[in-house]
Structures are given as C-alpha cells and as structure tokens.
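Trainee: The structure follows.
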Amino acid sequence: MTGTPAPAVVVTSYSIHLPADDRFATAAGLPPVATAAGLPAVTPGCPADQAYTLLGRKGLLYKEPATRLALCAAHRALGLPDGVRPDVPLDPGTAVVAASNLGNVATVVDVTRAVAREGSRGVSPMAAPNASSNVIASSIAMWFRLAGPNLMVCSGETAGLDALALGALLLRARRADRVLVVGAEPDDETAVAVRGHAAGGPPLRAGAACVVLEPATRAGTPLATVTVGPTVRHRADVPPWPVPVVVGPGHLDPAAAWGDGYGFQGVLQTALATRLVAEGADGVAVLCGGTDDGWRTALLAPPGRQP
C-alpha cells in the first residue's frame with residue numbers, strides 16, 4: 001500500500017535578530033557579511049534587556065536572555081507589529097522546534113550552586129522553570145499560542161540544522177501544518193566559559209534567528225524550497241554542492257563577521273540562504289558543524305524547484 005507522497009518543504013518567512021554589539025558593530029551598525037560575494041547586511045535588533053520594545057512588557061520579567069531573543073526572532077518572522085502580544089485562539093497546527101546549546105546554562109549553574117549552599121529552599125520558584133532544557137521552545141509556544149508539537153534541540157554545532165530537519169520531518173509526517181524553527185544563544189559569562197573558542201576564532205555571539213516552514217501545497221507565497229542532508233562525521237564526507245553559493249565555514253561565513261552563533265548558527269545561515277534565493281540566487285547550500293560535532297548541510301532552491 002502506498003500513500004500520497006509528502007509535499008516539498010518550503011520556507012515562507014524568516015528573521016535574523018542580532019543585537020548591536022561593539023565587538024562587531026561599525027558606526028553604521030552591523031557590518032555586512034561578505035558583501036563582495038553577495039551576502040546581504042542585516043539590521044541590528046534590540047538586545048535581550050530591551051525585548052519589551054518589540055514584544056511588549058507583560059510576561060518578560062523572569063525570561064532569560066536567550067528566551068527573550070528567541071521570542072523576538074519568532075515575533076519578527078510572524079510579521080507581528082511591535083509591542084503587540086498575540087491574543088488569538090490556540091493554533092494546534094503550528095509546531096515549534098528550537099535550537100540552543102547554552103540558552104539556560106547560567107540558570108542551571110545558579111540553581112545547582114543554590115542547592116549546594118542552601119538546599120532546595122534556596123532556589124527561587126520564579127527561576128526554577130528556566131532550568132528546564134525545553135524552556136525556549138515551550139516559552140515560544142505559550143507566548144504565541146502554538147499548540148502543535150514542541151521540541152528542543154541541544155546537539156552542538158549542528159543544532160540549527162538538526163532543528164530544521166526535525167521541522168521538515170514534522171511536516172512530512174503530517175504532524176503539523178506549519179513549523180517555527182528558532183535558534184538562540186546568550187553570551188553571558190557562564191555561556192562563554194562553557195563554549196570557549198579556539199585562539200583566533202570568533203567569540204560567542206548572543207542572537208537568534210527563525211525560519212517558518214510549511215508544505216509547498218499549503219504555502220501561499222514560498223520564498224525557497226529546502227532539503228536537509230544527513231549528518232556526517234568528517235567534513236571530507238560532505239557531498240559536493242550542486243549549487244553556486246555556499247553559506248558556511250570557509251565560504252560565505254557570517255560567523256567570521258558577527259561571531260559564533262553556536263546553537264543558532266544553522267538557523268541563521270538558513271535565513272540568510274533564504275534571503276539570497278528570494279533575491280534571485282539559483283540555489284544556496286548551508287554548511288554547519290565542526291570537528292567535534294560532525295557536519296550537516298541544507299540545500300535551498302527557488303520555489304517549485306527541488307534543491
């Protein structure tokens with residue numbers, strides 16, 4: 001018995017939310033990434049402590065920086081007006097897949113230290129929920145009233161593309177009609193210490209990005225068709241790209257100009273690739289990963305064409 005083939009997966013919206021940062025900013029804002037090779041510049045977003053300017057003030061008091069940045073990216077990808085929190089019925093057809101490796105690591109450390117010093121009574125009941133590894137994904141779902149499947153990915157340098165692959169799988173399995181794939185990282189002292197970086201490599205960068213996935217049969221105005229490849233252990237095992245543009249290490253690399261996105265790097269690169277395709281590129285490959293965590297790729301093509 002054969003079923004109807006699953007439709008292609010397309011990106012229908014995206015956002016990149018990188019707060020202005022003196023380590024990377026110029027007088028005009030964030031520098032463009034490899035503009036000579038065609039990657040666009042990105043307008044800086046608000047920092048986590050000013051997320052209320054985009055999201056409104058209510059409900060943000062105990063949200064961690066990575067959660068606030070992820071909410072900002074999702075808000076922008078959904079095209080919502082500034083300062084307005086959605087007041088809509090629950091949407092059971094929209095899923096959330098979030099990617100972050102360090103999003104709540106500061107809270108986990110603080111809670112662990114508090115318990116060691118004072119026992120469980122030393123933990124604030126307002127801080128404790130942030131110790132959940134799923135806090136970013138669940139916060140997005142509750143904030144925007146999205147009642148579909150809700151997943152969190154913490155898989156190292158490939159986390160962003162792993163989340164993208166899970167989002168596409170939810171659509172192909174018809175578990176959702178739409179998926180918000182969101183990545184975010186903080187750059188607090190604890191996160192920076194845990195991540196570390198090689199000498200001369202870019203430091204950890206706080207930020208977030210979001211891409212909205214839908215089946216091609218449902219999407220009204222898709223921006224790009226997307227396919228995610230398997231994870232491979234070594235970079236030499238990555239198959240050759242059948243497209244003219246590659247966004248990733250050693251090619252058009254946003255990390256070189258903006259810093260290390262770590263868990264959200266793959267989502268950021270996919271958003272940039274979507275923009276390039278929407279602006280006329282015949283196809284764009286995304287390369288994400290590292291020697292410790294393996295490598296993964298995604299291919300994006302104009303709507304109606306398989307990558």
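Labeling convention for the structure tokens: chains A, B, ... as they appear, residues from 1 per chain, ligands from 1 in order of appearance.
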Quick one: DSSP strand (DSSP E or B) residues in segment 103-285 of chain A, as a ChimeraX atom specification?
Mentor: /A:146,150-153,178-185,204,207-215,224-228,232,245-247,252,260,284-285
Trainee: Mind checking which residues fall within 6 Å of segment 296-306 of chain A, counting only C-alpha atoms, ignoring those fewer than 6 positions away in the same chain, and posting them as a ChimeraX atom specification?
Mentor: /A:224-229,231,277,283-288
Trainee: Between A:Val108, A:Val123, A:Thr94, A:Asp282, which one has atoms that come closest to Leu151 of chain A, using only C-alpha atoms?
Mentor: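 So, comparing all the options, the nearest one is A:Thr94.
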Trainee: Write out as an MDAnalysis selection string all residues of segment 74-179 of chain A that backbone DSSP assigns to helix (DSSP H, G or I).
Mentor: chainID A and resid 74:77 105:118 120:122 128:131 135:144 156:172
Trainee: Calculated over only C-alpha atoms, which of the candidates A:Phe144, A:Trp258, A:Leu171, A:Cys46 has the smallest distance to Pro89 of chain A?
Mentor: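 Comparing A:Phe144, A:Trp258, A:Leu171, A:Cys46 against Pro89 of chain A, the winner is A:Phe144.
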